[in-house]
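For reference, start.txt (compact mmCIF, C-alpha atoms and all ligand atoms):
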```
# COMPACT_ATOMS: atom_id res chain seq x y z
CA MET N 22 -0.41 -24.03 2.78
CA PRO N 23 -0.26 -22.50 -0.74
CA GLN N 24 2.16 -23.95 -3.28
CA ASN N 25 4.56 -20.96 -3.73
CA ILE N 26 5.64 -22.15 -7.18
CA TYR N 27 7.21 -18.76 -7.97
CA ASP N 28 10.08 -19.56 -5.59
CA ASP N 29 10.92 -22.71 -7.55
CA PRO N 30 14.19 -21.76 -9.38
CA ASP N 31 13.17 -23.23 -12.77
CA PHE N 32 9.67 -21.75 -12.62
CA PHE N 33 11.04 -18.34 -11.59
CA GLU N 34 13.55 -18.42 -14.45
CA GLY N 35 10.80 -19.32 -16.95
CA TYR N 36 8.38 -16.71 -15.61
CA SER N 37 11.13 -14.06 -15.74
CA GLN N 38 11.37 -14.55 -19.52
CA PHE N 39 7.74 -13.56 -20.15
CA ARG N 40 7.16 -10.26 -21.89
CA ARG N 41 5.17 -8.90 -18.92
CA SER N 42 8.06 -9.81 -16.61
CA ARG N 43 10.64 -8.06 -18.79
CA GLU N 44 8.58 -5.02 -19.81
CA GLY N 45 6.23 -4.52 -16.86
CA LEU N 46 2.78 -3.06 -17.57
CA ALA N 47 3.73 -2.24 -21.18
CA GLY N 48 4.16 -5.97 -21.71
CA ALA N 49 0.83 -6.94 -20.10
CA ALA N 50 -1.68 -7.39 -22.91
CA GLU N 51 -4.74 -6.72 -20.76
CA TRP N 52 -3.32 -3.62 -19.04
CA PRO N 53 -5.00 -1.03 -21.35
CA VAL N 54 -8.42 -2.43 -20.32
CA MET N 55 -7.50 -2.94 -16.66
CA GLN N 56 -6.37 0.67 -16.50
CA THR N 57 -9.83 1.93 -17.52
CA MET N 58 -11.32 0.13 -14.49
CA LEU N 59 -9.16 1.97 -11.93
CA PRO N 60 -10.11 5.03 -9.89
CA PRO N 61 -7.94 8.18 -10.00
CA MET N 62 -4.69 7.41 -8.19
CA GLN N 63 -4.09 10.88 -6.75
CA GLY N 64 -3.60 10.68 -2.98
CA ILE N 65 -5.00 7.18 -2.47
CA ARG N 66 -3.63 4.28 -0.41
CA VAL N 67 -3.25 1.14 -2.50
CA LEU N 68 -2.85 -2.53 -1.60
CA ASP N 69 -1.60 -4.90 -4.34
CA LEU N 70 -2.34 -8.59 -3.64
CA GLY N 71 0.23 -10.85 -5.33
CA CYS N 72 2.28 -7.88 -6.53
CA GLY N 73 4.98 -9.92 -8.30
CA PHE N 74 7.76 -7.66 -9.64
CA GLY N 75 5.88 -4.54 -8.49
CA ALA N 76 5.15 -2.92 -11.85
CA PHE N 77 1.68 -1.80 -10.76
CA ALA N 78 2.98 -0.37 -7.47
CA ARG N 79 5.50 1.79 -9.32
CA TRP N 80 2.88 2.94 -11.84
CA ALA N 81 0.37 3.81 -9.09
CA ARG N 82 2.94 5.99 -7.35
CA GLU N 83 3.89 7.69 -10.62
CA MET N 84 0.18 8.48 -11.02
CA GLY N 85 0.11 10.13 -7.57
CA ALA N 86 -0.93 7.38 -5.14
CA ALA N 87 -0.04 8.33 -1.55
CA SER N 88 1.35 4.87 -0.79
CA VAL N 89 1.37 1.35 -2.15
CA LEU N 90 1.79 -1.86 -0.19
CA GLY N 91 2.58 -4.91 -2.29
CA LEU N 92 2.20 -8.39 -0.80
CA ASP N 93 3.50 -11.58 -2.36
CA LEU N 94 4.14 -15.11 -1.16
CA SER N 95 7.35 -15.44 -3.14
CA GLU N 96 10.63 -14.20 -1.68
CA LYS N 97 12.14 -14.18 -5.17
CA MET N 98 9.34 -12.03 -6.62
CA ILE N 99 9.58 -9.58 -3.70
CA ALA N 100 13.39 -9.43 -3.94
CA ARG N 101 13.13 -8.53 -7.66
CA ALA N 102 10.39 -5.96 -6.92
CA GLN N 103 12.64 -4.33 -4.33
CA GLU N 104 15.58 -4.24 -6.78
CA LEU N 105 13.40 -2.50 -9.36
CA THR N 106 11.90 0.10 -6.99
CA SER N 107 13.52 3.10 -5.30
CA ASP N 108 10.53 4.87 -3.84
CA PRO N 109 9.87 5.29 -0.11
CA GLY N 110 6.14 5.40 -0.88
CA VAL N 111 6.19 1.74 -1.96
CA THR N 112 6.54 -1.11 0.53
CA TYR N 113 6.82 -4.76 -0.42
CA ARG N 114 6.29 -7.57 2.02
CA VAL N 115 6.51 -11.35 1.76
CA ALA N 116 3.07 -12.48 2.89
CA ASN N 117 0.36 -15.03 2.19
CA ILE N 118 -2.67 -13.03 1.01
CA GLU N 119 -4.94 -15.74 2.42
CA LYS N 120 -4.00 -14.42 5.87
CA ILE N 121 -3.86 -10.65 5.62
CA ASP N 122 -3.07 -8.96 8.91
CA LEU N 123 -3.70 -5.25 8.27
CA PRO N 124 -5.96 -2.66 9.94
CA ASP N 125 -9.56 -2.07 8.85
CA ASP N 126 -10.47 0.81 6.52
CA SER N 127 -6.86 1.43 5.49
CA PHE N 128 -7.02 1.49 1.66
CA GLU N 129 -8.99 3.25 -1.06
CA LEU N 130 -7.98 0.62 -3.65
CA VAL N 131 -7.22 -3.08 -3.41
CA TYR N 132 -5.75 -4.28 -6.69
CA SER N 133 -4.73 -7.75 -7.78
CA SER N 134 -3.41 -8.92 -11.13
CA LEU N 135 -3.44 -12.61 -12.01
CA ALA N 136 -2.93 -13.88 -8.45
CA LEU N 137 -6.39 -14.78 -7.11
CA HIS N 138 -6.76 -17.96 -9.21
CA TYR N 139 -4.09 -19.40 -6.88
CA ILE N 140 -6.32 -18.79 -3.86
CA GLU N 141 -8.57 -21.58 -2.61
CA ASP N 142 -11.14 -19.48 -0.72
CA PHE N 143 -12.13 -16.48 -2.82
CA GLY N 144 -14.99 -15.63 -0.41
CA ALA N 145 -12.43 -15.17 2.38
CA ILE N 146 -10.47 -12.78 0.14
CA CYS N 147 -13.64 -10.76 -0.54
CA ALA N 148 -14.37 -10.58 3.20
CA ALA N 149 -10.81 -9.43 3.95
CA VAL N 150 -10.82 -6.86 1.15
CA ARG N 151 -14.14 -5.48 2.33
CA ARG N 152 -12.71 -5.04 5.82
CA LEU N 153 -9.55 -3.34 4.52
CA LEU N 154 -11.31 -0.88 2.20
CA VAL N 155 -12.88 2.39 3.22
CA ALA N 156 -16.55 2.82 2.25
CA GLY N 157 -16.70 3.46 -1.49
CA GLY N 158 -13.24 1.91 -1.95
CA ARG N 159 -12.51 -0.14 -5.05
CA PHE N 160 -11.54 -3.77 -5.55
CA VAL N 161 -10.14 -4.27 -9.05
CA PHE N 162 -8.65 -7.61 -10.03
CA SER N 163 -7.83 -9.93 -12.89
CA VAL N 164 -7.63 -13.72 -12.90
CA GLU N 165 -7.05 -16.39 -15.49
CA HIS N 166 -10.40 -16.77 -17.21
CA PRO N 167 -12.49 -19.73 -15.93
CA ILE N 168 -12.62 -21.09 -19.48
CA TYR N 169 -8.86 -21.34 -19.21
CA THR N 170 -8.66 -22.72 -15.67
CA ALA N 171 -11.46 -25.28 -16.08
CA PRO N 172 -9.72 -28.06 -18.03
CA SER N 173 -6.95 -30.04 -16.39
CA ASN N 174 -5.45 -30.94 -19.78
CA PRO N 175 -6.14 -28.01 -22.06
CA GLY N 176 -5.26 -27.86 -25.71
CA TRP N 177 -6.53 -26.53 -29.00
CA GLN N 178 -8.56 -28.69 -31.35
CA ASP N 179 -9.71 -27.96 -34.90
CA ASP N 180 -13.48 -27.94 -35.34
CA PRO N 181 -14.85 -29.32 -38.65
CA SER N 182 -16.17 -25.82 -39.38
CA GLY N 183 -12.60 -24.55 -39.35
CA ILE N 184 -12.62 -22.62 -36.10
CA LYS N 185 -10.29 -23.24 -33.20
CA VAL N 186 -11.91 -25.05 -30.26
CA TRP N 187 -10.71 -24.98 -26.67
CA PRO N 188 -12.27 -27.97 -24.88
CA VAL N 189 -13.75 -26.96 -21.54
CA ASN N 190 -14.09 -29.84 -19.10
CA SER N 191 -15.81 -29.92 -15.73
CA TYR N 192 -16.55 -26.21 -15.78
CA LEU N 193 -18.96 -26.42 -12.84
CA VAL N 194 -16.58 -28.54 -10.77
CA GLU N 195 -14.72 -25.89 -8.82
CA GLY N 196 -11.42 -26.36 -7.06
CA ARG N 197 -7.88 -27.52 -7.57
CA ARG N 198 -6.40 -27.98 -11.04
CA VAL N 199 -2.87 -29.25 -11.57
CA THR N 200 -1.47 -27.90 -14.81
CA ASP N 201 1.66 -27.89 -16.96
CA TRP N 202 2.51 -24.22 -17.12
CA ILE N 203 6.20 -23.32 -17.30
CA ARG N 204 6.76 -26.63 -15.49
CA PRO N 205 4.56 -29.60 -14.57
CA GLY N 206 2.58 -29.66 -11.34
CA VAL N 207 1.46 -26.04 -11.04
CA VAL N 208 -1.63 -25.80 -8.81
CA LYS N 209 -4.36 -23.30 -9.69
CA GLN N 210 -7.91 -22.93 -8.37
CA HIS N 211 -10.79 -23.04 -10.83
CA ARG N 212 -14.06 -21.28 -10.09
CA THR N 213 -16.89 -20.16 -12.32
CA ILE N 214 -17.61 -16.61 -13.42
CA ALA N 215 -20.77 -16.79 -11.28
CA SER N 216 -18.64 -17.62 -8.24
CA TYR N 217 -16.39 -14.63 -8.77
CA VAL N 218 -19.33 -12.27 -9.21
CA ASN N 219 -21.63 -13.70 -6.54
CA ASN N 220 -18.88 -13.79 -3.91
CA LEU N 221 -18.28 -10.14 -4.61
CA LEU N 222 -21.98 -9.29 -4.33
CA ASP N 223 -22.46 -11.48 -1.23
CA HIS N 224 -19.63 -9.64 0.52
CA GLY N 225 -21.13 -6.19 0.07
CA PHE N 226 -19.57 -5.05 -3.19
CA ARG N 227 -21.31 -3.44 -6.12
CA LEU N 228 -20.18 -4.80 -9.49
CA LEU N 229 -18.86 -1.92 -11.60
CA ARG N 230 -17.35 -3.75 -14.56
CA LEU N 231 -16.62 -7.22 -15.90
CA GLU N 232 -14.40 -7.76 -18.93
CA GLU N 233 -13.44 -10.95 -20.73
CA TRP N 234 -10.21 -9.72 -22.20
CA GLY N 235 -9.28 -10.50 -25.77
CA PRO N 236 -6.87 -8.72 -28.12
CA THR N 237 -8.02 -5.82 -30.29
CA PRO N 238 -7.38 -5.99 -34.07
CA ALA N 239 -4.56 -3.47 -33.58
CA GLN N 240 -2.95 -5.67 -30.92
CA ILE N 241 -3.19 -8.71 -33.23
CA THR N 242 -1.50 -6.74 -36.01
CA GLU N 243 1.30 -5.88 -33.60
CA HIS N 244 1.43 -9.37 -32.02
CA PRO N 245 0.15 -11.96 -34.53
CA ASP N 246 0.69 -14.75 -31.97
CA TRP N 247 -2.15 -13.29 -29.86
CA ALA N 248 -4.72 -14.11 -32.58
CA THR N 249 -5.77 -17.40 -30.95
CA GLU N 250 -6.84 -15.52 -27.80
CA VAL N 251 -10.02 -14.31 -29.53
CA HIS N 252 -11.27 -17.93 -29.48
CA ARG N 253 -10.74 -18.32 -25.74
CA PRO N 254 -10.39 -15.24 -23.50
CA PRO N 255 -7.36 -15.76 -21.27
CA PHE N 256 -8.25 -13.18 -18.61
CA LEU N 257 -11.30 -12.17 -16.59
CA LEU N 258 -11.20 -8.60 -15.25
CA ILE N 259 -13.56 -7.45 -12.50
CA GLY N 260 -14.07 -4.10 -10.81
CA GLY N 261 -16.15 -3.69 -7.67
CA MET N 262 -16.88 -1.01 -5.12
CA LYS N 263 -17.45 -1.49 -1.40
CA ASP N 264 -21.01 -0.43 -0.71
CA GLU N 265 -21.38 2.59 1.51
C1 LIG X 1 1.10 -14.39 -12.41
S1 LIG X 1 1.95 -13.64 -11.05
C2 LIG X 1 1.33 -11.98 -11.19
C3 LIG X 1 2.28 -10.95 -10.63
C4 LIG X 1 1.83 -9.51 -10.80
N1 LIG X 1 0.60 -9.25 -10.06
C5 LIG X 1 1.64 -9.19 -12.26
O1 LIG X 1 0.50 -9.02 -12.71
O2 LIG X 1 2.65 -9.12 -12.97
C6 LIG X 1 1.06 -14.26 -9.62
C7 LIG X 1 1.70 -13.81 -8.30
O3 LIG X 1 0.81 -14.18 -7.24
C8 LIG X 1 1.62 -14.60 -6.16
N2 LIG X 1 0.83 -15.43 -5.24
C9 LIG X 1 0.26 -16.64 -5.49
N3 LIG X 1 -0.35 -17.12 -4.39
C10 LIG X 1 -0.17 -16.20 -3.41
C11 LIG X 1 -0.54 -16.12 -2.04
N4 LIG X 1 -1.23 -17.10 -1.42
N5 LIG X 1 -0.16 -15.03 -1.32
C12 LIG X 1 0.57 -14.04 -1.90
N6 LIG X 1 0.95 -14.07 -3.21
C13 LIG X 1 0.60 -15.13 -3.95
C14 LIG X 1 2.78 -15.34 -6.80
O4 LIG X 1 3.87 -15.51 -5.94
C15 LIG X 1 3.05 -14.44 -8.02
O5 LIG X 1 4.00 -13.45 -7.74
```
Output the file's structure in the form of structure tokens.
Amino acid sequence: MPQNIYDDPDFFEGYSQFRRSREGLAGAAEWPVMQTMLPPMQGIRVLDLGCGFGAFARWAREMGAASVLGLDLSEKMIARAQELTSDPGVTYRVANIEKIDLPDDSFELVYSSLALHYIEDFGAICAAVRRLLVAGGRFVFSVEHPIYTAPSNPGWQDDPSGIKVWPVNSYLVEGRRVTDWIRPGVVKQHRTIASYVNNLLDHGFRLLRLEEWGPTPAQITEHPDWATEVHRPPFLLIGGMKDE
């Protein structure tokens, strides 16, 4: 059974304070890059795995998507998404994305932002997404970067040469990591970049794009606190297409 930390009242309160929670996609640093990896939204059926407050679902509909289904384990996240959305073309459902019960070939796009590093079996997700997508459909997702999920006790160190160093421990040891993030005891799943890519390829996807997101100089000027992110990319972004 997954942890469902987002329904913990203190965690939910802390997460709600984040810029991306308050401002939606405009507050998501990696969104400008993620957006370039998406297909045209006009008329397509979209599934959002781990939809959170539903910002992507609302954007997809504004861009012309025929329908969006957002799934999330957390009742609190889904309740907030429903409060923020008044669009009959968007449906939110409390669901564990490890057990998706939806018909085959029913979406042109499966999207997921920063949810799949909570999932133990990424291969099972790839198999499910392949089944749900029509031929040529896209699977576009972001996760916490494996450099970030690898260490169980992360922290910056100063290298003698003056650059910031992020110690990476046990990179090749995949699996559960218990971290202090918003509150102690948050469980995430670490896997390597090779695992993300090879699972995708092994499940009949073509790799279209892989990005290790870091801030642009313009973003650093606007948000000086993002400067450290150039030393350790926080997000991995991947776009795939279901082979015909
Ligand atoms: C960091 S939030 C991202 C929310 C949203 N996608 C965004 O980018 O703003 C991760 C979300 O994944 C959800 N999640 C984690 N494990 C899940 C699971 N097994 N099934 C469904 N949702 C899950 C959490 O409840 C949370 O809402």
Taking 4 positions as the minimum chain separation for residues in the same chain, which residues sit within 9 Å of stretch 216-233 of chain N when counting all atoms listed in the file? Answer as a ChimeraX atom specification.
/N:54-55,58,143-144,147-148,151,159-160,166,212,254-265
Enumerate residues in contact with ligand LIG 1 (chain X): an atom-to-atom distance of at most 8 Å, counting all atoms listed in the file. Format the result as a PyMOL selection string.
chain N and resi 23-28+41-42+45-46+49+69-77+92-95+98-99+115-119+133-137+139-140
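Among the candidates N:Thr249, N:Thr57, N:Thr170, N:Ser37, the residue lying nearest to N:Glu195 is N:Thr170 (atoms considered: all atoms listed in the file).
As for atom CA of N:Trp247 and atom CA of N:Ala50, they are spaced 9.1 Å apart.
Each of N:Ile65, N:Ile203, N:Val164, N:Ala100 was compared to N:Tyr36 using only C-alpha atoms, and N:Ile203 turns out to be the nearest.
Interatomic distance, atom CA of N:Trp52 to atom CA of N:Gly64: 21.5 Å.
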Using all atoms listed in the file, can you tell me which of N:Lys97, N:Gly206, N:Asp122, N:Glu104 comes closest to N:Glu34?
N:Lys97
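Between atom CA of N:Arg66 and atom CA of N:Glu129 the separation is 5.5 Å.
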Pick out the residues sitting within 12 Å of N:Gly85, and hand them over as JSON, numbers by chain; count only C-alpha atoms, and ignore anything fewer than 6 positions along from it in its own chain.
{"N": [60, 61, 62, 63, 64, 65, 66, 67, 78, 79, 110, 111]}
Step by step, gather every atom of stretch 217-235 of chain N that the file lists, find the box along x, y and z that holds them, add 5 Å on each side, and finally give centre and edge lengths in Å to one decimal, as lines of an AutoDock Vina configuration file.
```
center_x = -15.9
center_y = -8.3
center_z = -12.6
size_x = 23.2
size_y = 22.7
size_z = 36.3
```
Can I get stretch 173-202 of chain N with N, CA and C atoms filled in, as a tab-separated table (two decimals), in the frame of the given file?
```tsv
chain	number	residue	atom	x	y	z
N	173	SER	N	-8.22	-29.67	-16.97
N	173	SER	CA	-6.95	-30.04	-16.39
N	173	SER	C	-5.92	-30.34	-17.48
N	174	ASN	N	-6.38	-30.71	-18.67
N	174	ASN	CA	-5.45	-30.94	-19.78
N	174	ASN	C	-5.88	-30.14	-21.00
N	175	PRO	N	-5.64	-28.83	-20.98
N	175	PRO	CA	-6.14	-28.01	-22.06
N	175	PRO	C	-5.35	-28.21	-23.36
N	176	GLY	N	-5.95	-27.79	-24.43
N	176	GLY	CA	-5.26	-27.86	-25.71
N	176	GLY	C	-6.21	-27.50	-26.83
N	177	TRP	N	-5.68	-26.92	-27.88
N	177	TRP	CA	-6.53	-26.53	-29.00
N	177	TRP	C	-6.92	-27.74	-29.83
N	178	GLN	N	-8.15	-27.70	-30.37
N	178	GLN	CA	-8.56	-28.69	-31.35
N	178	GLN	C	-9.14	-27.94	-32.54
N	179	ASP	N	-9.11	-28.58	-33.72
N	179	ASP	CA	-9.71	-27.96	-34.90
N	179	ASP	C	-11.11	-28.49	-35.09
N	180	ASP	N	-12.09	-27.58	-35.11
N	180	ASP	CA	-13.48	-27.94	-35.34
N	180	ASP	C	-13.68	-28.18	-36.84
N	181	PRO	N	-14.62	-29.10	-37.22
N	181	PRO	CA	-14.85	-29.32	-38.65
N	181	PRO	C	-15.22	-28.04	-39.40
N	182	SER	N	-15.82	-27.07	-38.70
N	182	SER	CA	-16.17	-25.82	-39.38
N	182	SER	C	-14.97	-24.91	-39.58
N	183	GLY	N	-13.81	-25.32	-39.08
N	183	GLY	CA	-12.60	-24.55	-39.35
N	183	GLY	C	-12.21	-23.59	-38.25
N	184	ILE	N	-13.01	-23.53	-37.18
N	184	ILE	CA	-12.62	-22.62	-36.10
N	184	ILE	C	-11.85	-23.39	-35.02
N	185	LYS	N	-11.06	-22.64	-34.29
N	185	LYS	CA	-10.29	-23.24	-33.20
N	185	LYS	C	-11.24	-23.54	-32.02
N	186	VAL	N	-11.07	-24.68	-31.40
N	186	VAL	CA	-11.91	-25.05	-30.26
N	186	VAL	C	-11.02	-25.33	-29.06
N	187	TRP	N	-11.43	-24.76	-27.94
N	187	TRP	CA	-10.71	-24.98	-26.67
N	187	TRP	C	-11.62	-25.83	-25.80
N	188	PRO	N	-11.33	-27.12	-25.62
N	188	PRO	CA	-12.27	-27.97	-24.88
N	188	PRO	C	-12.35	-27.56	-23.41
N	189	VAL	N	-13.55	-27.34	-22.94
N	189	VAL	CA	-13.75	-26.96	-21.54
N	189	VAL	C	-14.37	-28.15	-20.82
N	190	ASN	N	-13.61	-28.68	-19.85
N	190	ASN	CA	-14.09	-29.84	-19.10
N	190	ASN	C	-14.46	-29.42	-17.69
N	191	SER	N	-15.49	-30.06	-17.16
N	191	SER	CA	-15.81	-29.92	-15.73
N	191	SER	C	-15.88	-28.47	-15.28
N	192	TYR	N	-16.51	-27.64	-16.10
N	192	TYR	CA	-16.55	-26.21	-15.78
N	192	TYR	C	-17.18	-25.94	-14.41
N	193	LEU	N	-18.26	-26.69	-14.10
N	193	LEU	CA	-18.96	-26.42	-12.84
N	193	LEU	C	-18.31	-27.09	-11.63
N	194	VAL	N	-17.29	-27.89	-11.89
N	194	VAL	CA	-16.58	-28.54	-10.77
N	194	VAL	C	-15.45	-27.61	-10.33
N	195	GLU	N	-15.71	-26.87	-9.25
N	195	GLU	CA	-14.72	-25.89	-8.82
N	195	GLU	C	-13.63	-26.54	-7.99
N	196	GLY	N	-12.50	-25.88	-7.95
N	196	GLY	CA	-11.42	-26.36	-7.06
N	196	GLY	C	-10.10	-26.52	-7.78
N	197	ARG	N	-9.28	-27.37	-7.19
N	197	ARG	CA	-7.88	-27.52	-7.57
N	197	ARG	C	-7.72	-28.07	-8.99
N	198	ARG	N	-6.82	-27.46	-9.74
N	198	ARG	CA	-6.40	-27.98	-11.04
N	198	ARG	C	-4.88	-28.02	-11.05
N	199	VAL	N	-4.32	-29.13	-11.48
N	199	VAL	CA	-2.87	-29.25	-11.57
N	199	VAL	C	-2.50	-29.17	-13.04
N	200	THR	N	-1.71	-28.17	-13.39
N	200	THR	CA	-1.47	-27.90	-14.81
N	200	THR	C	0.03	-27.95	-15.14
N	201	ASP	N	0.30	-28.08	-16.43
N	201	ASP	CA	1.66	-27.89	-16.96
N	201	ASP	C	1.74	-26.46	-17.45
N	202	TRP	N	2.35	-25.61	-16.71
N	202	TRP	CA	2.51	-24.22	-17.12
N	202	TRP	C	3.88	-23.76	-16.65
```
